[in-house]
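Structure file input-v3.txt (compact mmCIF, C-alpha atoms) is printed below.
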# COMPACT_ATOMS: atom_id res chain seq x y z
CA MET W 26 -35.00 -109.04 45.35
CA SER W 27 -31.51 -109.08 43.98
CA SER W 28 -31.35 -105.27 43.67
CA ALA W 29 -31.73 -104.96 47.44
CA THR W 30 -28.22 -106.34 47.94
CA SER W 31 -26.51 -103.65 45.90
CA ILE W 32 -25.80 -100.20 47.35
CA VAL W 33 -24.16 -96.99 46.22
CA TYR W 34 -21.96 -95.64 49.00
CA VAL W 35 -21.06 -91.96 48.86
CA TYR W 36 -17.76 -90.71 50.33
CA GLY W 37 -17.71 -87.07 49.42
CA VAL W 38 -18.38 -84.32 46.93
CA LEU W 39 -15.77 -82.64 44.78
CA THR W 40 -15.41 -80.45 41.75
CA ASN W 41 -16.04 -82.59 38.70
CA CYS W 42 -12.90 -83.57 36.83
CA THR W 43 -11.78 -86.44 34.69
CA ASN W 44 -8.13 -86.85 35.50
CA LEU W 45 -8.31 -88.41 38.96
CA ALA W 46 -7.15 -91.94 39.64
CA LEU W 47 -9.99 -93.68 41.42
CA ASP W 48 -8.43 -96.70 43.07
CA MET W 49 -9.95 -98.11 46.20
CA PRO W 50 -7.32 -98.20 48.95
CA PRO W 51 -6.61 -101.66 50.32
CA GLY W 52 -8.51 -102.67 53.41
CA ASP W 53 -11.06 -104.98 54.94
CA LEU W 54 -14.60 -104.18 53.87
CA ALA W 55 -16.35 -106.32 56.44
CA GLY W 56 -17.86 -108.67 53.89
CA LEU W 57 -18.93 -106.01 51.42
CA VAL W 58 -17.78 -106.67 47.86
CA GLU W 59 -16.89 -103.87 45.50
CA SER W 60 -18.63 -104.32 42.21
CA GLY W 61 -16.32 -101.84 40.53
CA PRO W 62 -13.77 -99.10 41.21
CA LEU W 63 -14.57 -95.76 42.79
CA ARG W 64 -16.70 -93.65 40.48
CA MET W 65 -17.62 -90.02 40.03
CA LEU W 66 -21.29 -89.18 39.65
CA PRO W 67 -21.45 -85.68 38.18
CA PHE W 68 -24.10 -83.02 38.48
CA GLY W 69 -23.11 -79.77 36.82
CA ASN W 70 -19.57 -78.92 37.86
CA ILE W 71 -19.63 -81.01 41.02
CA ALA W 72 -19.57 -84.77 41.47
CA ALA W 73 -20.08 -87.35 44.16
CA LEU W 74 -17.32 -89.86 44.82
CA VAL W 75 -19.05 -93.22 45.16
CA CYS W 76 -18.46 -96.95 45.17
CA ASP W 77 -20.88 -99.77 44.40
CA PHE W 78 -20.99 -102.52 46.95
CA VAL W 79 -22.74 -105.85 46.91
CA LEU W 80 -23.83 -107.01 50.33
CA PRO W 81 -23.30 -110.61 51.42
CA ASP W 82 -26.22 -112.90 50.61
CA GLY W 83 -29.11 -112.50 52.97
CA SER W 84 -27.50 -109.58 54.77
CA ASP W 85 -28.20 -105.87 54.97
CA LEU W 86 -26.03 -102.94 55.89
CA GLU W 87 -27.80 -102.27 59.15
CA THR W 88 -27.08 -105.75 60.39
CA ILE W 89 -23.45 -105.53 59.31
CA LEU W 90 -23.03 -102.22 61.12
CA GLU W 91 -24.48 -103.60 64.33
CA ASP W 92 -21.23 -105.51 64.66
CA SER W 93 -18.80 -102.91 65.98
CA ARG W 94 -15.80 -104.60 64.37
CA SER W 95 -17.44 -104.43 60.95
CA ALA W 96 -18.52 -100.85 61.58
CA GLU W 97 -14.94 -99.94 62.46
CA ARG W 98 -13.64 -101.42 59.21
CA LEU W 99 -16.17 -99.55 57.13
CA ILE W 100 -15.50 -96.28 58.96
CA LEU W 101 -11.81 -96.78 58.25
CA ASN W 102 -12.58 -97.41 54.59
CA HIS W 103 -14.65 -94.22 54.49
CA HIS W 104 -11.77 -92.26 55.96
CA GLN W 105 -9.03 -93.89 53.87
CA VAL W 106 -10.82 -93.12 50.63
CA LEU W 107 -11.19 -89.49 51.69
CA VAL W 108 -7.60 -89.20 52.90
CA ASP W 109 -6.34 -90.70 49.67
CA MET W 110 -8.33 -88.15 47.69
CA VAL W 111 -7.68 -85.15 49.89
CA GLY W 112 -3.98 -85.30 49.13
CA ARG W 113 -4.75 -84.63 45.48
CA HIS W 114 -8.03 -82.76 45.25
CA THR W 115 -10.31 -80.70 47.46
CA ILE W 116 -13.13 -82.95 48.58
CA LEU W 117 -16.08 -82.22 50.81
CA PRO W 118 -16.29 -85.20 53.16
CA LEU W 119 -19.66 -86.74 53.79
CA ARG W 120 -20.53 -88.02 57.19
CA PHE W 121 -20.08 -91.78 57.40
CA GLY W 122 -23.11 -93.79 56.32
CA ALA W 123 -24.46 -92.08 53.19
CA VAL W 124 -25.99 -94.95 51.25
CA PHE W 125 -28.25 -94.92 48.21
CA THR W 126 -29.87 -97.70 46.27
CA GLU W 127 -29.02 -96.25 42.89
CA ASP W 128 -27.14 -93.48 41.09
CA ALA W 129 -30.29 -91.46 40.47
CA GLY W 130 -30.74 -90.86 44.21
CA VAL W 131 -27.21 -89.53 44.56
CA ILE W 132 -27.57 -87.24 41.55
CA ALA W 133 -30.89 -85.97 42.85
CA ALA W 134 -29.30 -85.24 46.23
CA LEU W 135 -26.54 -83.28 44.49
CA GLY W 136 -29.09 -81.39 42.45
CA ASP W 137 -31.25 -80.55 45.47
CA ARG W 138 -28.29 -79.02 47.27
CA PHE W 139 -26.24 -77.86 44.33
CA SER W 140 -25.59 -74.28 45.42
CA VAL W 141 -24.87 -75.08 49.06
CA LEU W 142 -22.52 -77.85 48.02
CA GLN W 143 -20.71 -75.47 45.70
CA ASN W 144 -20.41 -72.93 48.51
CA ALA W 145 -19.24 -75.58 50.95
CA LEU W 146 -16.58 -76.70 48.48
CA GLY W 147 -15.47 -73.11 48.02
CA ARG W 148 -15.16 -72.71 51.77
CA ILE W 149 -12.59 -75.52 52.07
CA ASP W 150 -10.96 -75.15 48.66
CA GLY W 151 -7.19 -75.49 48.93
CA ALA W 152 -7.28 -76.07 52.67
CA LEU W 153 -6.87 -78.96 55.07
CA GLU W 154 -8.03 -79.60 58.59
CA TRP W 155 -5.47 -79.96 61.37
CA GLY W 156 -6.22 -80.78 64.98
CA VAL W 157 -4.48 -79.42 68.06
CA LYS W 158 -4.92 -80.91 71.51
CA THR W 159 -3.68 -79.02 74.55
CA PHE W 160 -2.76 -80.84 77.73
CA CYS W 161 -1.84 -79.52 81.13
CA ASP W 162 0.34 -80.90 83.89
CA ARG W 163 -1.72 -79.44 86.72
CA LYS W 164 0.87 -80.34 89.32
CA LEU W 165 3.47 -78.24 87.53
CA LEU W 166 1.00 -75.43 86.99
CA ARG W 167 0.11 -75.45 90.70
CA GLN W 168 3.78 -75.15 91.58
CA HIS W 169 4.18 -72.29 89.15
CA VAL W 170 1.12 -70.48 90.51
CA ALA W 171 2.15 -71.01 94.13
CA GLY W 172 5.52 -69.45 93.45
CA ALA W 173 4.33 -66.67 91.19
CA VAL W 174 1.42 -65.21 93.14
CA SER W 175 2.70 -62.99 95.93
CA GLU W 176 -0.44 -63.31 98.06
CA ILE W 177 0.02 -67.07 98.20
CA SER W 178 3.71 -66.77 99.05
CA SER W 179 3.04 -64.34 101.89
CA LEU W 180 0.24 -66.52 103.30
CA GLU W 181 2.55 -69.52 103.27
CA SER W 182 5.23 -67.64 105.18
CA GLU W 183 2.56 -66.50 107.65
CA ILE W 184 1.59 -70.09 108.49
CA ALA W 185 4.84 -70.77 110.34
CA ASP W 186 4.03 -68.11 112.95
CA GLN W 187 0.46 -69.27 113.57
CA GLY W 188 -1.11 -71.79 115.88
CA GLU W 189 -2.64 -74.99 114.51
CA GLY W 190 -6.16 -73.57 114.18
CA LYS W 191 -5.21 -70.42 112.30
CA ALA W 192 -2.74 -72.38 110.17
CA PHE W 193 -5.53 -74.75 109.13
CA PHE W 194 -7.67 -71.91 107.82
CA LEU W 195 -4.69 -70.27 106.14
CA ARG W 196 -3.95 -73.52 104.30
CA ARG W 197 -7.56 -73.73 103.11
CA ARG W 198 -7.37 -70.18 101.90
CA ILE W 199 -4.12 -70.87 100.08
CA GLU W 200 -5.64 -73.95 98.45
CA ARG W 201 -8.64 -71.93 97.27
CA LEU W 202 -6.37 -69.19 95.91
CA ILE W 203 -4.23 -71.72 94.07
CA LEU W 204 -7.27 -73.36 92.47
CA GLU W 205 -8.58 -69.97 91.36
CA GLU W 206 -5.21 -68.98 89.94
CA VAL W 207 -4.79 -72.29 88.16
CA GLU W 208 -8.13 -71.92 86.39
CA LYS W 209 -7.47 -68.28 85.58
CA THR W 210 -4.05 -69.11 84.18
CA LEU W 211 -5.47 -71.93 82.07
CA GLU W 212 -8.07 -69.61 80.59
CA GLN W 213 -5.34 -67.12 79.76
CA CYS W 214 -3.21 -69.82 78.17
CA VAL W 215 -6.07 -71.09 76.00
CA ALA W 216 -6.91 -67.53 74.95
CA GLY W 217 -3.22 -66.83 74.29
CA THR W 218 -3.00 -69.97 72.18
CA GLN W 219 -5.94 -68.90 70.06
CA GLU W 220 -4.52 -65.44 69.63
CA GLN W 221 -1.12 -66.75 68.56
CA LEU W 222 -2.55 -69.22 66.04
CA LYS W 223 -5.20 -66.95 64.59
CA PRO W 224 -3.07 -65.30 61.88
CA SER W 225 -2.15 -68.63 60.29
CA VAL W 226 -5.62 -70.20 60.14
CA ILE W 227 -8.68 -69.67 57.98
CA GLU W 228 -11.19 -70.97 60.50
CA GLU W 229 -11.23 -72.86 63.76
CA THR W 230 -13.75 -74.94 65.61
CA LEU W 231 -14.06 -76.89 68.83
CA VAL W 232 -13.76 -80.66 68.93
CA LYS W 233 -15.09 -82.41 71.99
CA LEU W 234 -12.69 -83.07 74.83
CA GLN W 235 -11.58 -86.66 75.24
CA PRO W 236 -11.21 -88.64 78.45
CA PRO W 237 -7.75 -90.00 79.35
CA THR W 238 -8.72 -93.48 78.17
CA LEU W 239 -9.05 -92.13 74.65
CA HIS W 240 -6.36 -89.46 74.41
CA GLY W 241 -3.74 -91.57 76.17
CA HIS W 242 -1.79 -88.55 77.43
CA GLU W 243 -0.51 -88.56 81.00
CA HIS W 244 -2.03 -85.13 81.69
CA ASP W 245 -5.46 -83.55 81.41
CA MET W 246 -6.76 -82.44 78.04
CA ILE W 247 -7.84 -78.82 78.40
CA SER W 248 -8.57 -77.99 74.78
CA ASN W 249 -9.27 -79.85 71.54
CA ARG W 250 -9.67 -77.78 68.40
CA SER W 251 -9.60 -78.13 64.66
CA TYR W 252 -8.13 -75.56 62.32
CA LEU W 253 -8.69 -75.01 58.63
CA ILE W 254 -5.30 -74.18 57.16
CA ALA W 255 -4.38 -73.32 53.59
CA ARG W 256 -2.17 -75.89 51.91
CA GLY W 257 1.42 -74.73 51.87
CA THR W 258 1.10 -72.59 55.00
CA GLU W 259 1.34 -75.41 57.51
CA ASP W 260 4.90 -74.47 58.42
CA ALA W 261 3.84 -71.06 59.72
CA PHE W 262 1.14 -72.69 61.81
CA MET W 263 3.55 -75.26 63.19
CA GLN W 264 6.09 -72.58 64.02
CA SER W 265 3.45 -70.65 65.96
CA LEU W 266 2.59 -73.79 67.85
CA GLU W 267 6.25 -74.43 68.58
CA ASN W 268 6.56 -70.88 69.96
CA LEU W 269 3.58 -71.54 72.20
CA ARG W 270 5.06 -74.79 73.41
CA VAL W 271 8.26 -73.04 74.45
CA ALA W 272 6.39 -70.15 76.07
CA TYR W 273 3.95 -72.29 78.06
CA ALA W 274 6.10 -75.32 78.91
CA PRO W 275 7.06 -73.82 82.32
CA LEU W 276 3.34 -73.68 83.10
CA GLY W 277 2.90 -77.38 82.32
CA LEU W 278 1.24 -77.04 78.93
CA ASP W 279 1.86 -79.44 76.08
CA TYR W 280 0.47 -79.46 72.54
CA GLN W 281 -0.19 -82.33 70.15
CA MET W 282 -0.99 -81.74 66.53
CA ASN W 283 -2.79 -84.27 64.34
CA GLY W 284 -3.77 -84.36 60.71
CA PRO W 285 -4.10 -83.51 57.97
CA TRP W 286 -7.74 -84.48 57.91
CA PRO W 287 -10.33 -84.15 55.23
CA ALA W 288 -12.15 -81.00 56.30
CA TYR W 289 -14.78 -82.90 58.30
CA SER W 290 -15.17 -80.21 60.92
CA PHE W 291 -15.66 -77.45 58.37
CA SER W 292 -18.13 -79.19 56.12
CA ASP W 293 -21.34 -79.41 58.05
CA GLN W 294 -22.29 -75.94 59.09
CA GLN W 295 -23.58 -74.61 55.83
CA LEU W 296 -25.72 -77.58 54.97
CA GLY W 297 -28.98 -78.65 56.44
CA GLY W 298 -30.40 -82.00 55.63
CA GLY W 299 -30.24 -85.26 57.46
CA VAL W 300 -32.30 -88.37 57.68
CA ASN W 301 -35.61 -86.52 57.64
CA ASP W 302 -34.70 -84.19 54.84
CA GLN W 303 -36.73 -85.16 51.82
CA MET P 2 10.01 -77.69 62.12
CA THR P 3 9.45 -79.37 58.81
CA ASN P 4 6.08 -79.84 57.33
CA LYS P 5 4.75 -83.25 58.24
CA VAL P 6 3.23 -85.25 55.48
CA GLN P 7 0.30 -87.56 55.54
CA GLY P 8 1.15 -90.94 56.93
CA GLY P 9 3.45 -89.53 59.56
CA GLN P 10 0.64 -88.54 61.86
CA ASP P 11 -0.75 -90.12 64.91
CA LEU P 12 -4.36 -90.20 63.86
CA ALA P 13 -6.02 -91.96 66.72
CA LEU P 14 -9.25 -93.71 66.12
CA ALA P 15 -11.05 -91.62 68.66
CA ASP P 16 -10.15 -88.52 66.66
CA LEU P 17 -11.56 -90.09 63.53
CA LEU P 18 -14.79 -91.11 65.23
CA ASP P 19 -15.24 -87.60 66.55
CA ARG P 20 -15.06 -86.30 63.01
CA ALA P 21 -16.40 -88.93 60.61
CA LEU P 22 -19.44 -89.74 62.72
CA SER P 23 -20.47 -86.34 63.93
CA THR P 24 -19.28 -83.93 61.26
CA GLY P 25 -19.12 -83.95 57.50
CA VAL P 26 -21.85 -83.17 55.05
CA VAL P 27 -25.22 -84.92 55.24
CA ILE P 28 -26.83 -85.09 51.83
CA TRP P 29 -29.04 -88.12 51.79
CA GLY P 30 -32.70 -87.68 51.31
CA GLU P 31 -34.12 -90.42 49.18
CA ALA P 32 -36.74 -92.69 50.66
CA THR P 33 -34.78 -95.89 50.29
CA ILE P 34 -32.79 -98.11 52.53
CA SER P 35 -30.61 -95.11 53.18
CA LEU P 36 -33.29 -93.67 55.40
CA ALA P 37 -33.92 -96.77 57.43
CA GLY P 38 -30.27 -97.64 57.23
CA VAL P 39 -28.99 -94.30 58.35
CA ASP P 40 -31.21 -94.28 61.40
CA LEU P 41 -29.87 -97.63 62.37
CA VAL P 42 -26.34 -96.68 61.48
CA TYR P 43 -26.41 -93.82 63.89
CA VAL P 44 -27.97 -95.81 66.67
CA GLY P 45 -25.26 -98.38 66.23
CA LEU P 46 -22.50 -95.85 66.00
CA LYS P 47 -23.54 -94.00 69.11
CA VAL P 48 -22.92 -97.23 70.93
CA LEU P 49 -19.64 -97.61 69.11
CA VAL P 50 -18.46 -94.12 69.95
CA ALA P 51 -19.32 -94.67 73.58
CA SER P 52 -17.27 -97.81 73.64
CA VAL P 53 -13.79 -97.17 74.91
CA ASP P 54 -12.86 -100.73 74.06
CA ALA P 55 -13.85 -100.24 70.46
CA ALA P 56 -11.88 -97.05 70.19
CA GLN P 57 -8.87 -98.66 71.77
CA ARG P 58 -9.08 -101.56 69.34
CA MET P 59 -9.12 -99.13 66.47
CA LYS P 60 -6.12 -97.37 67.92
CA ASP P 61 -4.29 -100.65 68.16
CA ALA P 62 -5.27 -101.59 64.63
CA SER P 63 -3.57 -98.38 63.53
CA LEU P 64 -5.71 -96.16 61.45
CA VAL P 65 -2.83 -95.07 59.29
CA ASP P 66 0.89 -95.58 59.47
CA ARG P 67 1.85 -94.81 63.02
CA PRO P 68 4.77 -92.46 63.48
CA THR P 69 8.04 -93.91 64.57
CA ASP P 70 9.08 -90.83 66.49
CA GLY P 71 6.37 -91.03 69.09
CA GLY P 72 3.84 -88.91 67.31
CA GLN P 73 3.67 -85.37 66.22
CA ARG P 74 4.28 -83.71 69.50
CA ILE P 75 5.56 -80.27 68.91

As structure tokens, how would this structure be written, given the file I've shared?
Amino acid sequence: MSSATSIVYVYGVLTNCTNLALDMPPGDLAGLVESGPLRMLPFGNIAALVCDFVLPDGSDLETILEDSRSAERLILNHHQVLVDMVGRHTILPLRFGAVFTEDAGVIAALGDRFSVLQNALGRIDGALEWGVKTFCDRKLLRQHVAGAVSEISSLESEIADQGEGKAFFLRRRIERLILEEVEKTLEQCVAGTQEQLKPSVIEETLVKLQPPTLHGHEHDMISNRSYLIARGTEDAFMQSLENLRVAYAPLGLDYQMNGPWPAYSFSDQQLGGGVNDQ
Amino acid sequence: MTNKVQGGQDLALADLLDRALSTGVVIWGEATISLAGVDLVYVGLKVLVASVDAAQRMKDASLVDRPTDGGQRI
């Protein structure tokens, strides 16, 4: 059936308006062909941002997405459309992969969740998501702790006067104390970071920690968070982060900020739904 | 520090995958290919997310304009 090769892909939901340029950003669509520009599908005062795609002959989206390279390209397209829009208009980002066979399904989905979508849009209105990753040079922190905790310093000076056996146990005790102090200090730093940033954010949420192969930083990631920040107040947030960097640098902490993102991390908690939601 | 604008950020692919695949609104609900498709999409993407190679490739492909100053390290 020819209709089976045409899909309506939904990027996000926004307040309905008529003055937005709806150009598809350039990029590789992994064989999918746009059968028109981006469109708005309205329901009441909200609208879905969609694009019609024609799938390659004899293919289906599932098969295309099984190829990781193609999936990557389509995920990038999803994000680029949202990023392009988020610079101009508040948009509630949909999770990647929202596909319908026709407009009526999209409009029905908007209608079914009209009030929660309105609320979700209100929650992120005028705000953007920014990420902050915190890294720690544990070697430097260990040195700091070893020098700063008097019990450790006195145990170390005691070692010189002891025989080999006693010195061995003293070293183990010192090591245990250092590890405890390192963890305690890290907890205090993370809490201090949250406290310092709190006044300049609307909301915050955890993002999962990444392994070194993904984050690419030379030191351990100890925290990964997203913050919802009102447009125009980013400078205050960045200044707070800069203050933290200066304050905690002697302890081996480093911060990386990323964004702005469409408010992905602040768009899923008010809405139920999912693949079994009918 | 000046306000950084979009396009000057180091948006790594891994960061995008963490967001676009696991957060964001879920609104679908029609009994069409979206149902079957979405199931399969997420099976496929779980594999993708778990793939360090894939994430690294996306990093290399540069999600957006990469910063010239070594990223937004502040």

Using only C-alpha atoms, which residue out of W:Thr258, W:Thr210, W:Gln235, W:Gln143 lies closest to Gly277 in chain W? W:Thr210

Excluding Gly25 in chain P and residues on its chain fewer than 4 positions from it, collect all residues at most 12 Å away from it, counting all atoms listed in the file, and give them as a VMD selection string. (chain W and resid 35 to 38 103 to 104 107 116 to 123 142 145 to 146 149 154 286 to 299) or (chain P and resid 17 to 21)

10 Å contact set for Pro236 in chain W, all atoms listed in the file, chain neighbours under 4 positions out, as a list of chain:residue names: W:His240, W:Gly241, W:His242, W:Asp245, W:Met246, P:Val53

Hey, can you spit out that residue selection with C-alpha atoms as a tab-separated table (two decimals), in the coordinates of the input?
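What ended up in part12.tsv:
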chain	number	residue	atom	x	y	z
W	240	HIS	CA	-6.36	-89.46	74.41
W	241	GLY	CA	-3.74	-91.57	76.17
W	242	HIS	CA	-1.79	-88.55	77.43
W	245	ASP	CA	-5.46	-83.55	81.41
W	246	MET	CA	-6.76	-82.44	78.04
P	53	VAL	CA	-13.79	-97.17	74.91

Could you name the residues that touch range 211-225 of chain W at 8 Å or less, counting all atoms listed in the file, but leaving out those on the same chain fewer than 2 positions away, as a short mmCIF file (atom, residue, chain, number, x, y, z; two decimals) with C-alpha atoms, keeping the file's coordinate frame?
data_model
loop_
_atom_site.label_atom_id
_atom_site.label_comp_id
_atom_site.auth_asym_id
_atom_site.auth_seq_id
_atom_site.Cartn_x
_atom_site.Cartn_y
_atom_site.Cartn_z
CA VAL W 207 -4.79 -72.29 88.16
CA GLU W 208 -8.13 -71.92 86.39
CA LYS W 209 -7.47 -68.28 85.58
CA ILE W 227 -8.68 -69.67 57.98
CA SER W 248 -8.57 -77.99 74.78
CA ILE W 254 -5.30 -74.18 57.16
CA THR W 258 1.10 -72.59 55.00
CA ALA W 261 3.84 -71.06 59.72
CA PHE W 262 1.14 -72.69 61.81
CA SER W 265 3.45 -70.65 65.96
CA LEU W 266 2.59 -73.79 67.85
CA LEU W 269 3.58 -71.54 72.20
CA TYR W 273 3.95 -72.29 78.06
#

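Shortest separation to chain P among W:Ser175, W:Asn283, W:Asn268, W:Ser31 occurs at residue W:Asn283, atoms counted being all atoms listed in the file.
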
Any idea what the distance is between CA of Cys42 in chain W and CA of Ser23 in chain P?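 Separation of CA of Cys42 in chain W and CA of Ser23 in chain P: 28.3 Å.
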
Give me, please, the distance in Å between CA of Glu127 in chain W and CA of Val75 in chain W, quoted to one decimal. 10.7 Å

Could you give me, as a ChimeraX atom specification, the residues within 7 Å of range 57-71 of chain W, counting all atoms listed in the file and dropping anything in the same chain fewer than 4 positions from it? /W:38-41,47-49,75-81,132,135-136

State, in Å with one decimal place, the distance from CA of Thr115 in chain W to CA of Ala72 in chain W.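 So the answer is 11.8 Å.
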
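When all atoms listed in the file are used to measure the gap to chain P, the shortest distance among W:Ser182, W:Thr30, W:Ser93, W:Ser84 belongs to W:Ser93.
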
Using only C-alpha atoms, which of the listed residues (W:Asn44, W:Lys233, W:Pro51, W:Ala255) sits closest to chain P? W:Lys233
